[in-house]
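Undergrad: My structure is stored as final-v5.txt, with compact mmCIF, C-alpha atoms.
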# COMPACT_ATOMS: atom_id res chain seq x y z
CA MET A 1 6.73 -95.95 210.09
CA SER A 2 4.86 -94.23 212.93
CA ASN A 3 6.40 -91.35 214.90
CA ARG A 4 6.59 -93.53 217.98
CA THR A 5 8.53 -96.23 216.15
CA LYS A 6 10.86 -93.61 214.70
CA CYS A 7 11.52 -92.11 218.14
CA PHE A 8 12.27 -95.55 219.53
CA ALA A 9 14.57 -96.39 216.61
CA ARG A 10 16.39 -93.05 217.02
CA MET A 11 17.01 -93.68 220.69
CA VAL A 12 18.22 -97.24 220.12
CA ILE A 13 20.59 -96.19 217.32
CA ALA A 14 21.87 -93.20 219.31
CA VAL A 15 22.71 -95.53 222.22
CA ILE A 16 24.35 -98.06 219.86
CA ALA A 17 26.37 -95.23 218.27
CA CYS A 18 27.63 -94.04 221.66
CA VAL A 19 28.54 -97.57 222.76
CA PHE A 20 30.34 -98.23 219.47
CA ILE A 21 32.33 -94.98 219.69
CA VAL A 22 33.38 -95.64 223.29
CA TYR A 23 34.24 -99.30 222.61
CA GLY A 24 36.12 -98.48 219.40
CA THR A 25 38.07 -95.74 221.14
CA ALA A 26 38.87 -98.00 224.10
CA ARG A 27 40.31 -100.76 221.91
CA GLY A 28 42.59 -98.36 220.07
CA GLU A 29 40.92 -97.82 216.70
CA LEU A 30 41.69 -94.09 216.80
CA GLU A 31 45.38 -94.81 216.55
CA ILE A 32 44.85 -96.89 213.39
CA VAL A 33 42.77 -94.07 211.88
CA LEU A 34 45.40 -91.49 212.84
CA ASN A 35 48.25 -93.60 211.50
CA LYS A 36 46.47 -94.01 208.16
CA ALA A 37 45.37 -90.37 207.92
CA VAL A 38 48.70 -88.67 208.68
CA ASN A 39 50.56 -90.54 205.95
CA ILE A 40 49.96 -90.14 202.23
CA CYS A 41 47.50 -92.89 201.28
CA LEU A 42 48.86 -94.25 198.00
CA GLU A 43 45.64 -96.18 197.30
CA CYS A 44 43.55 -93.03 197.73
CA ILE A 45 45.61 -91.03 195.23
CA GLY A 46 45.67 -93.84 192.67
CA LEU A 47 49.21 -95.17 193.09
CA GLY A 48 48.85 -98.01 195.61
CA MET B 1 21.87 -68.92 200.06
CA LYS B 2 21.98 -69.95 203.74
CA ARG B 3 22.83 -73.49 202.67
CA LYS B 4 25.64 -72.31 200.40
CA ILE B 5 27.20 -70.34 203.29
CA VAL B 6 27.04 -73.43 205.55
CA GLN B 7 28.54 -75.57 202.77
CA ILE B 8 31.42 -73.10 202.28
CA ILE B 9 32.09 -72.97 206.03
CA ALA B 10 32.01 -76.80 206.17
CA PHE B 11 34.39 -76.97 203.23
CA GLY B 12 36.66 -74.48 205.00
CA TYR B 13 36.83 -76.31 208.32
CA SER B 14 37.37 -79.62 206.54
CA ASN B 15 40.23 -78.16 204.46
CA ALA B 16 41.78 -75.51 206.67
CA HIS B 17 45.46 -76.26 206.00
CA LEU B 18 45.69 -74.56 202.63
CA LEU B 19 49.39 -73.71 202.96
CA ASN B 20 50.20 -77.43 202.72
CA PHE B 21 49.39 -77.32 199.01
CA LYS B 22 52.55 -75.31 198.45
CA GLY B 23 54.95 -77.92 199.76
CA GLY B 24 52.83 -80.97 198.92
CA LYS B 25 52.67 -82.04 202.57
CA ILE B 26 49.64 -83.32 204.42
CA TYR B 27 48.47 -82.20 207.86
CA GLN B 28 49.75 -84.61 210.51
CA GLY B 29 48.14 -83.31 213.67
CA LYS B 30 46.06 -85.19 216.21
CA TRP B 31 42.75 -83.89 214.85
CA LYS B 32 43.13 -86.41 212.05
CA ARG B 33 42.01 -89.19 214.35
CA PHE B 34 38.51 -87.69 214.18
CA CYS B 35 36.23 -88.28 211.23
CA ASN B 36 34.73 -85.65 209.00
CA PRO B 37 30.98 -86.20 208.54
CA GLY B 38 31.22 -85.82 204.74
CA LEU B 39 33.44 -87.20 201.98
CA ASN B 40 36.81 -85.45 202.12
CA CYS B 41 40.03 -87.30 201.29
CA TYR B 42 42.53 -87.36 204.17
CA SER B 43 45.37 -87.35 201.67
CA CYS B 44 44.30 -83.90 200.52
CA PRO B 45 47.09 -81.55 201.70
CA ALA B 46 44.53 -79.19 203.27
CA ALA B 47 42.42 -81.84 205.04
CA GLY B 48 42.21 -81.47 208.80
CA PHE B 49 40.17 -84.58 209.60
CA ALA B 50 40.00 -88.22 208.53
CA CYS B 51 37.72 -89.32 205.71
CA PRO B 52 35.09 -91.60 207.32
CA LEU B 53 35.17 -94.06 204.40
CA GLY B 54 38.96 -94.22 204.34
CA ALA B 55 39.03 -94.65 208.12
CA LEU B 56 36.39 -97.38 208.00
CA GLN B 57 38.32 -99.35 205.38
CA ALA B 58 41.63 -98.77 207.17
CA VAL B 59 40.32 -100.33 210.39
CA ASN B 60 38.35 -103.08 208.61
CA GLY B 61 41.46 -104.01 206.66
CA SER B 62 43.90 -103.78 209.56
CA MET B 63 45.66 -106.74 211.11
CA GLU B 64 44.13 -106.14 214.55
CA PHE B 65 40.45 -105.63 213.73
CA GLN B 66 37.94 -106.62 211.08
CA PHE B 67 35.21 -104.18 212.02
CA SER B 68 35.48 -100.53 213.02
CA PHE B 69 33.15 -99.83 215.93
CA TYR B 70 34.50 -96.28 216.21
CA VAL B 71 33.84 -95.21 212.61
CA VAL B 72 30.50 -97.04 212.36
CA GLY B 73 29.51 -95.38 215.66
CA VAL B 74 30.43 -91.95 214.30
CA LEU B 75 28.47 -92.59 211.09
CA LEU B 76 25.44 -93.80 213.06
CA ALA B 77 25.63 -90.72 215.30
CA PHE B 78 25.79 -88.29 212.37
CA GLY B 79 23.13 -90.33 210.57
CA VAL B 80 20.64 -90.39 213.42
CA LEU B 81 21.08 -86.67 214.01
CA LEU B 82 21.25 -85.34 210.47
CA GLY B 83 20.64 -88.12 207.94
CA ARG B 84 21.44 -86.95 204.43
CA ALA B 85 21.46 -83.34 205.60
CA VAL B 86 25.18 -84.15 205.94
CA CYS B 87 25.30 -84.55 202.13
CA GLY B 88 23.31 -81.41 201.49
CA TRP B 89 24.93 -79.10 204.01
CA LEU B 90 28.29 -80.44 205.21
CA CYS B 91 29.89 -82.64 202.54
CA PRO B 92 32.86 -80.92 200.82
CA PHE B 93 32.61 -83.17 197.75
CA GLY B 94 28.89 -82.43 197.60
CA LEU B 95 29.70 -78.73 197.26
CA ILE B 96 32.24 -79.49 194.52
CA GLN B 97 29.59 -81.48 192.63
CA GLU B 98 27.07 -78.66 192.91
CA LEU B 99 29.59 -76.14 191.60
CA ILE B 100 30.45 -78.43 188.66
CA HIS B 101 26.74 -78.76 187.87
CA ARG B 102 26.59 -74.98 187.34
CA ILE B 103 28.60 -75.37 184.14
CA PRO B 104 26.12 -74.55 181.37
CA SER B 105 24.98 -77.69 179.53
CA PRO B 106 21.81 -79.68 178.87
CA LYS B 107 20.68 -81.15 182.20
CA LEU B 108 19.52 -84.75 182.38
CA LYS B 109 17.49 -86.82 184.84
CA LEU B 110 18.90 -89.95 186.44
CA LYS B 111 17.25 -93.31 185.89
CA LYS B 112 16.04 -94.73 189.19
CA ILE B 113 17.91 -98.01 188.81
CA PHE B 114 21.28 -96.22 189.16
CA LEU B 115 20.31 -95.02 192.66
CA TYR B 116 20.80 -98.57 193.95
CA LEU B 117 24.38 -98.81 192.71
CA LYS B 118 25.74 -96.99 195.77
CA TYR B 119 24.41 -99.69 198.10
CA LEU B 120 26.30 -102.31 196.10
CA VAL B 121 29.46 -100.17 196.26
CA LEU B 122 29.02 -99.82 200.04
CA VAL B 123 28.70 -103.56 200.63
CA VAL B 124 31.34 -104.77 198.18
CA PHE B 125 34.03 -102.08 198.18
CA VAL B 126 33.77 -100.67 201.72
CA PHE B 127 32.97 -103.76 203.76
CA MET B 128 33.62 -106.99 201.84
CA LEU B 129 36.85 -106.40 199.90
CA PRO B 130 38.91 -104.76 202.71
CA ILE B 131 38.02 -107.67 205.00
CA THR B 132 38.27 -110.59 202.55
CA ALA B 133 40.94 -109.58 200.00
CA THR B 134 43.88 -109.63 202.38
CA ASN B 135 47.60 -110.22 201.96
CA TYR B 136 49.69 -112.81 203.78
CA MET B 137 49.80 -110.58 206.86
CA GLY B 138 46.02 -110.38 206.98
CA MET B 139 45.87 -106.76 205.85
CA GLY B 140 43.26 -105.61 203.36
CA LYS B 141 43.38 -102.60 201.08
CA PRO B 142 40.84 -99.77 201.02
CA ALA B 143 39.12 -100.98 197.83
CA PHE B 144 36.73 -98.03 197.45
CA CYS B 145 39.58 -95.51 197.80
CA GLN B 146 41.82 -97.56 195.53
CA TYR B 147 39.47 -98.28 192.63
CA ILE B 148 36.66 -95.73 192.73
CA CYS B 149 36.91 -92.62 194.93
CA PRO B 150 37.13 -89.56 192.64
CA ALA B 151 37.49 -87.27 195.68
CA GLY B 152 40.86 -88.89 196.45
CA THR B 153 42.08 -88.37 192.90
CA LEU B 154 40.89 -84.77 192.78
CA GLN B 155 41.79 -83.61 196.29
CA GLY B 156 44.79 -85.82 197.01
CA GLY B 157 46.17 -87.34 193.81
CA ILE B 158 46.41 -84.29 191.55
CA PRO B 159 47.87 -81.85 194.14
CA LEU B 160 50.38 -84.38 195.50
CA LEU B 161 51.50 -85.62 192.09
CA GLY B 162 51.90 -82.01 191.04
CA THR B 163 54.40 -81.37 193.81
CA HIS B 164 56.18 -84.75 194.11
CA GLU B 165 58.42 -85.83 191.24
CA GLU B 166 59.06 -89.23 192.87
CA LEU B 167 55.32 -89.96 193.01
CA ARG B 168 54.85 -88.97 189.37
CA GLN B 169 57.36 -91.66 188.39
CA THR B 170 55.14 -94.36 189.88
CA ILE B 171 52.03 -93.49 187.87
CA GLY B 172 50.53 -96.60 186.28
CA ALA B 173 47.32 -98.24 185.12
CA LEU B 174 45.59 -97.69 188.46
CA PHE B 175 46.04 -93.93 188.24
CA SER B 176 44.68 -93.99 184.67
CA LEU B 177 41.61 -95.88 185.93
CA LYS B 178 41.08 -93.38 188.72
CA MET B 179 41.53 -90.40 186.41
CA THR B 180 38.98 -91.94 184.02
CA ILE B 181 36.51 -92.33 186.90
CA LEU B 182 37.18 -88.73 187.95
CA LEU B 183 36.58 -87.44 184.42
CA LEU B 184 33.39 -89.51 184.10
CA THR B 185 32.26 -88.15 187.46
CA ILE B 186 32.90 -84.57 186.36
CA VAL B 187 31.01 -85.09 183.07
CA GLY B 188 28.23 -86.85 185.03
CA CYS B 189 28.02 -83.96 187.50
CA VAL B 190 27.83 -81.39 184.70
CA LEU B 191 24.86 -83.22 183.19
CA ILE B 192 23.16 -84.65 186.29
CA TYR B 193 22.77 -82.95 189.68
CA ARG B 194 25.04 -84.64 192.28
CA PHE B 195 25.76 -87.56 189.96
CA PHE B 196 28.39 -89.21 192.20
CA CYS B 197 26.42 -88.55 195.38
CA ARG B 198 23.38 -90.35 193.99
CA THR B 199 24.98 -93.23 192.13
CA LEU B 200 28.25 -94.23 193.77
CA CYS B 201 28.80 -92.59 197.16
CA PRO B 202 28.75 -95.16 200.00
CA LEU B 203 28.33 -92.35 202.54
CA GLY B 204 25.20 -91.28 200.68
CA ALA B 205 23.98 -94.88 200.99
CA ILE B 206 24.60 -94.99 204.76
CA TYR B 207 23.03 -91.60 205.46
CA GLY B 208 20.21 -92.40 203.01
CA ILE B 209 19.21 -95.42 205.08
CA MET B 210 19.38 -93.26 208.22
CA ASN B 211 17.14 -90.62 206.56
CA LYS B 212 14.11 -92.71 207.54
CA ILE B 213 14.64 -92.00 211.22
CA SER B 214 16.98 -89.00 211.42
CA LEU B 215 16.13 -86.17 213.81
CA CYS B 216 16.57 -83.66 211.01
CA HIS B 217 13.69 -84.65 208.78
CA LEU B 218 11.26 -83.29 206.27
CA GLU B 219 7.86 -82.55 207.72
CA VAL B 220 4.80 -82.23 205.51
CA ASP B 221 1.63 -80.73 206.90
CA GLY B 222 -1.09 -82.74 205.21
CA TYR B 223 -3.77 -80.23 206.23
CA GLN B 224 -2.00 -77.38 204.46
CA CYS B 225 -0.80 -79.25 201.36
CA ILE B 226 -2.88 -78.63 198.22
CA ASN B 227 -0.96 -81.15 196.08
CA CYS B 228 0.18 -78.47 193.64
CA GLY B 229 3.33 -80.47 192.78
CA LYS B 230 5.68 -77.47 192.96
CA CYS B 231 7.86 -79.20 195.55
CA LYS B 232 8.35 -82.21 193.29
CA ASN B 233 9.19 -80.03 190.30
CA VAL B 234 11.77 -77.95 192.16
CA CYS B 235 13.59 -80.92 193.74
CA LYS B 236 16.93 -81.45 192.01
CA MET B 237 17.31 -84.85 193.66
CA GLU B 238 14.08 -85.90 191.92
CA VAL B 239 12.22 -86.67 195.13
CA ALA B 240 8.49 -86.16 195.68
CA PRO B 241 8.55 -84.64 199.20
CA VAL B 242 4.82 -84.97 199.86
CA ARG B 243 4.69 -88.64 198.87
CA GLU B 244 8.03 -89.69 200.42
CA PRO B 245 9.37 -87.11 202.90
CA ASP B 246 11.78 -89.70 204.29
CA SER B 247 13.23 -90.64 200.89
CA ALA B 248 16.79 -91.92 200.99
CA GLU B 249 17.64 -89.41 198.25
CA CYS B 250 16.45 -86.26 200.06
CA ILE B 251 19.44 -84.18 201.11
CA ARG B 252 17.30 -81.73 203.14
CA CYS B 253 18.33 -78.79 200.95
CA GLY B 254 15.04 -77.06 201.73
CA ALA B 255 14.18 -76.02 198.15
CA CYS B 256 10.75 -77.67 198.49
CA ALA B 257 10.03 -75.84 201.74
CA GLN B 258 10.97 -72.52 200.15
CA ILE B 259 8.74 -72.93 197.12
CA CYS B 260 5.69 -74.33 198.92
CA PRO B 261 2.91 -71.73 198.54
CA GLN B 262 1.07 -73.13 201.58
CA ASN B 263 4.15 -73.26 203.83
CA ALA B 264 3.29 -76.92 204.36
CA ILE B 265 6.85 -78.30 204.28
CA HIS B 266 9.40 -77.74 207.01
CA VAL B 267 13.00 -78.90 207.29
CA GLY B 268 15.07 -79.44 210.36
CA LYS B 269 12.39 -79.26 213.02
CA PRO B 270 13.33 -82.43 214.85
CA PHE B 271 10.78 -82.39 217.62
CA ARG B 272 7.67 -81.36 215.72
CA GLN B 273 5.18 -84.04 214.88
CA THR B 274 4.20 -84.65 211.28
CA LYS B 275 0.49 -84.15 210.74
CA TRP B 276 -0.78 -86.83 208.41
CA LEU B 277 -4.23 -86.74 206.86
CA THR B 278 -6.45 -89.71 207.49
CA LYS B 279 -8.64 -91.05 204.70
CA LYS B 280 -11.62 -89.28 206.25
CA ASP B 281 -9.74 -85.97 206.40
CA LYS B 282 -8.79 -86.29 202.74
CA GLN B 283 -12.39 -87.01 201.77
CA CYS B 284 -13.55 -83.93 203.72
CA ARG B 285 -10.91 -81.78 202.05
CA ASP B 286 -11.74 -83.07 198.59
CA ALA B 287 -15.43 -82.47 199.21
CA LYS B 288 -14.74 -78.90 200.31
CA GLU B 289 -12.57 -78.31 197.25
CA ALA B 290 -15.32 -79.71 195.01
CA GLU B 291 -17.81 -77.26 196.50
The structure in this file should be written as structure tokens.
TA:
Amino acid sequence: MSNRTKCFARMVIAVIACVFIVYGTARGELEIVLNKAVNICLECIGLG
Amino acid sequence: MKRKIVQIIAFGYSNAHLLNFKGGKIYQGKWKRFCNPGLNCYSCPAAGFACPLGALQAVNGSMEFQFSFYVVGVLLAFGVLLGRAVCGWLCPFGLIQELIHRIPSPKLKLKKIFLYLKYLVLVVFVFMLPITATNYMGMGKPAFCQYICPAGTLQGGIPLLGTHEELRQTIGALFSLKMTILLLTIVGCVLIYRFFCRTLCPLGAIYGIMNKISLCHLEVDGYQCINCGKCKNVCKMEVAPVREPDSAECIRCGACAQICPQNAIHVGKPFRQTKWLTKKDKQCRDAKEAE
């Protein structure tokens, strides 16, 4: 992969990442993450 | 040494709530809506941030959504900036694996075929099962956390079961499976450098793919390189930096750059251009060496 292609791919993915974060935040995904993370996850500890 | 300090600091900020171990509670503040770049179970009493894999599966398996734009966006952002430097410098479970590997024992090399296992784990356990294996309400379970993740057992399961009698009474076959995986991971890490990271970690798979284009990359100066092979021999991840500087397995630890006698390898210089030798350049260099 040439340096030019890499630069282009970096920029495209950086833009996609920003759009995804903003869109995900706007539709309320952070609350689902918070709700899962502040309670003991029984699956994670091998009980669920 | 510099990397170890960064790893310890990263471990510290990821697990800052140490007092929670005493009461068997977990941190419940608002910072937990943000994802840690590395693998760190959010059910660990000390954890201050959400585990990106747990968060991804939680949203993918939720009733409202089947794809987490937020978590995928965060992973893409970390990936495009750092690639697998996250594994080498920031991942708390990566540090644990490196410390386990220091236990004296015969050290083995990993067969290349096992490197592809983590991509299968990523697709099946992180994306497919939480979305497809749902209950009557349309909610899926975090399959990777439930059936595989040894970080959850080590950081969350053991401390919480140690402090909660009521949880100990619910131990069953699933916990036995997870403890077996944890023990196999520990034995694997003693024998093979970053065994879990290289064979099973879905985060390693995601960041590995991003290694090809990440800003933090390995740069090899073809004009300086004398093909001595020292970089390949010193690499614990079994990568040949000169041949494949963008390898999905390179965690940007910098060992190759340190050992290079020609100072031909650089890490973390995002805006420098890699100088590649053309065929003609190589012929000229070989001719000069022959003289």
Undergrad: Up to 7 Å from chain A, what residues of chain B turn up? Count only C-alpha atoms and give them as an MDAnalysis selection string.
TA: chainID B and resid 26:28 32:33 42:43 50 55 58:59 68:70 73:74 76:77 80 145:146 152:153 156:157 170:171 174:175 178 213:214
Undergrad: Could you jot down the CA of Thr180 (chain B) to CA of Pro150 (chain B) separation for me, Å, one decimal place?
TA: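 Separating CA of Thr180 (chain B) from CA of Pro150 (chain B) is a distance of 9.1 Å.
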Undergrad: If you measure from CA of Leu82 (chain B) to CA of Tyr13 (chain B), what distance in Å do you get, rounded to one decimal?
TA: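 Here the two named atoms are 18.1 Å from each other.
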Undergrad: As an exercise, work out the distance from CA of Arg3 (chain B) to CA of Leu183 (chain B) in Å and give it to one decimal place.
TA: 26.8 Å
Undergrad: Complete region 10-25 of chain A at the level of N, CA, C and O atoms, written as an mmCIF file, in the frame of the given file.
TA:
data_model
loop_
_atom_site.group_PDB
_atom_site.id
_atom_site.type_symbol
_atom_site.label_atom_id
_atom_site.label_comp_id
_atom_site.auth_asym_id
_atom_site.auth_seq_id
_atom_site.Cartn_x
_atom_site.Cartn_y
_atom_site.Cartn_z
ATOM 1 N N ARG A 10 15.366 -94.092 216.814
ATOM 2 C CA ARG A 10 16.390 -93.050 217.020
ATOM 3 C C ARG A 10 17.142 -93.270 218.326
ATOM 4 O O ARG A 10 18.367 -93.213 218.367
ATOM 5 N N MET A 11 16.372 -93.521 219.376
ATOM 6 C CA MET A 11 17.010 -93.680 220.690
ATOM 7 C C MET A 11 17.925 -94.901 220.707
ATOM 8 O O MET A 11 19.048 -94.842 221.202
ATOM 9 N N VAL A 12 17.431 -95.998 220.147
ATOM 10 C CA VAL A 12 18.220 -97.240 220.120
ATOM 11 C C VAL A 12 19.516 -97.016 219.334
ATOM 12 O O VAL A 12 20.616 -97.366 219.798
ATOM 13 N N ILE A 13 19.393 -96.388 218.162
ATOM 14 C CA ILE A 13 20.590 -96.190 217.320
ATOM 15 C C ILE A 13 21.547 -95.188 217.972
ATOM 16 O O ILE A 13 22.765 -95.371 217.898
ATOM 17 N N ALA A 14 20.998 -94.169 218.635
ATOM 18 C CA ALA A 14 21.870 -93.200 219.310
ATOM 19 C C ALA A 14 22.678 -93.898 220.419
ATOM 20 O O ALA A 14 23.884 -93.651 220.578
ATOM 21 N N VAL A 15 22.012 -94.783 221.150
ATOM 22 C CA VAL A 15 22.710 -95.530 222.220
ATOM 23 C C VAL A 15 23.772 -96.442 221.609
ATOM 24 O O VAL A 15 24.925 -96.484 222.072
ATOM 25 N N ILE A 16 23.390 -97.156 220.532
ATOM 26 C CA ILE A 16 24.350 -98.060 219.860
ATOM 27 C C ILE A 16 25.562 -97.249 219.369
ATOM 28 O O ILE A 16 26.716 -97.671 219.536
ATOM 29 N N ALA A 17 25.279 -96.076 218.783
ATOM 30 C CA ALA A 17 26.370 -95.230 218.270
ATOM 31 C C ALA A 17 27.333 -94.842 219.392
ATOM 32 O O ALA A 17 28.561 -94.938 219.233
ATOM 33 N N CYS A 18 26.779 -94.445 220.531
ATOM 34 C CA CYS A 18 27.630 -94.040 221.660
ATOM 35 C C CYS A 18 28.475 -95.219 222.153
ATOM 36 O O CYS A 18 29.681 -95.075 222.403
ATOM 37 N N VAL A 19 27.821 -96.376 222.281
ATOM 38 C CA VAL A 19 28.540 -97.570 222.760
ATOM 39 C C VAL A 19 29.656 -97.937 221.785
ATOM 40 O O VAL A 19 30.788 -98.224 222.194
ATOM 41 N N PHE A 20 29.342 -97.905 220.499
ATOM 42 C CA PHE A 20 30.340 -98.230 219.470
ATOM 43 C C PHE A 20 31.528 -97.275 219.538
ATOM 44 O O PHE A 20 32.683 -97.702 219.458
ATOM 45 N N ILE A 21 31.242 -95.978 219.669
ATOM 46 C CA ILE A 21 32.330 -94.980 219.690
ATOM 47 C C ILE A 21 33.237 -95.221 220.906
ATOM 48 O O ILE A 21 34.465 -95.243 220.796
ATOM 49 N N VAL A 22 32.596 -95.430 222.054
ATOM 50 C CA VAL A 22 33.380 -95.640 223.290
ATOM 51 C C VAL A 22 34.190 -96.938 223.188
ATOM 52 O O VAL A 22 35.397 -96.954 223.481
ATOM 53 N N TYR A 23 33.545 -98.013 222.706
ATOM 54 C CA TYR A 23 34.240 -99.300 222.610
ATOM 55 C C TYR A 23 35.386 -99.231 221.589
ATOM 56 O O TYR A 23 36.501 -99.704 221.860
ATOM 57 N N GLY A 24 35.088 -98.618 220.442
ATOM 58 C CA GLY A 24 36.120 -98.480 219.400
ATOM 59 C C GLY A 24 37.301 -97.659 219.878
ATOM 60 O O GLY A 24 38.460 -97.986 219.613
ATOM 61 N N THR A 25 37.001 -96.588 220.593
ATOM 62 C CA THR A 25 38.070 -95.740 221.140
ATOM 63 C C THR A 25 38.894 -96.514 222.163
ATOM 64 O O THR A 25 40.123 -96.473 222.155
#
